[in-house]
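Q: Below is one structure. I have some questions about it.
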Amino acid sequence: MTREETLERIRDVQARVQELRQASDNPAIERTMQLLDLYCHMARWELGDIRAMNPEAESR
């Protein structure tokens, strides 16, 4: 898998996680999705995706 393919998959996972976070009415699940979003952000950052500098701003 190429770097770009990996980044695309992580972006897809991150988008799904953000949807789940917004749809949840359970604070524990919402917090878990927030952590997953952060881990996706960190993975993108490690792969040099500079657009991933601020995960909180991306979800707004």
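Chain labels A, B, ... are given in the sequence in which chains occur in the structure tokens; within each chain residues are numbered consecutively from 1, and ligands are likewise numbered from 1 in the order shown.
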List as a list in words the protein and nucleic acid residues near Arg16 (chain A), meaning an atom at most 12 Å away when only C-alpha atoms are counted, but skip any in the same chain fewer than 4 places from it.
A: Arg9, Ile10, Arg11, Asp12, Leu20, Arg21, Gln22, Ala23, Met33, Gln34, Leu36, Asp37, Cys40 and Ser59 of chain A
Q: I need the residues in chain A that are helix (DSSP H, G or I) according to DSSP; give them as a VMD selection string.
A: chain A and resid 3 to 23 27 to 46 50 to 52 55 to 58
Q: Keeping C-alpha atoms, export the residues of the selection given above as a compact mmCIF listing (two decimals), in the first residue's frame.
A:
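Result file result_12.txt:
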# COMPACT_ATOMS: atom_id res chain seq x y z
CA ARG A 3 1.60 6.39 1.43
CA GLU A 4 -1.26 8.10 -0.40
CA GLU A 5 -3.45 4.99 -0.20
CA THR A 6 -2.72 4.75 3.52
CA LEU A 7 -3.57 8.42 4.04
CA GLU A 8 -6.80 8.03 2.08
CA ARG A 9 -7.87 5.09 4.24
CA ILE A 10 -7.03 6.97 7.44
CA ARG A 11 -9.01 9.99 6.22
CA ASP A 12 -11.96 7.70 5.50
CA VAL A 13 -11.75 6.14 8.98
CA GLN A 14 -11.47 9.60 10.51
CA ALA A 15 -14.57 10.83 8.66
CA ARG A 16 -16.56 7.79 9.87
CA VAL A 17 -15.34 8.30 13.43
CA GLN A 18 -16.41 11.95 13.31
CA GLU A 19 -19.87 10.90 12.08
CA LEU A 20 -20.20 8.42 14.93
CA ARG A 21 -19.05 11.02 17.43
CA GLN A 22 -21.65 13.52 16.27
CA ALA A 23 -24.43 10.93 16.18
CA PRO A 27 -20.81 10.61 26.52
CA ALA A 28 -18.52 7.60 26.88
CA ILE A 29 -18.87 6.69 23.19
CA GLU A 30 -18.45 10.33 22.19
CA ARG A 31 -15.20 10.53 24.18
CA THR A 32 -13.94 7.26 22.67
CA MET A 33 -14.65 8.60 19.17
CA GLN A 34 -12.80 11.81 20.09
CA LEU A 35 -9.76 9.73 21.05
CA LEU A 36 -9.99 7.71 17.84
CA ASP A 37 -10.11 10.98 15.90
CA LEU A 38 -6.97 12.10 17.71
CA TYR A 39 -5.19 8.84 16.86
CA CYS A 40 -6.15 9.26 13.20
CA HIS A 41 -4.77 12.78 13.35
CA MET A 42 -1.53 11.51 14.85
CA ALA A 43 -1.19 8.83 12.17
CA ARG A 44 -1.73 11.40 9.42
CA TRP A 45 0.80 13.70 11.05
CA GLU A 46 3.38 10.89 11.22
CA ILE A 50 0.39 18.63 7.10
CA ARG A 51 -3.33 19.29 6.57
CA ALA A 52 -3.86 17.25 9.74
CA PRO A 55 -7.91 17.79 14.40
CA GLU A 56 -10.36 19.91 16.39
CA ALA A 57 -10.54 22.52 13.64
CA GLU A 58 -11.19 19.86 10.99
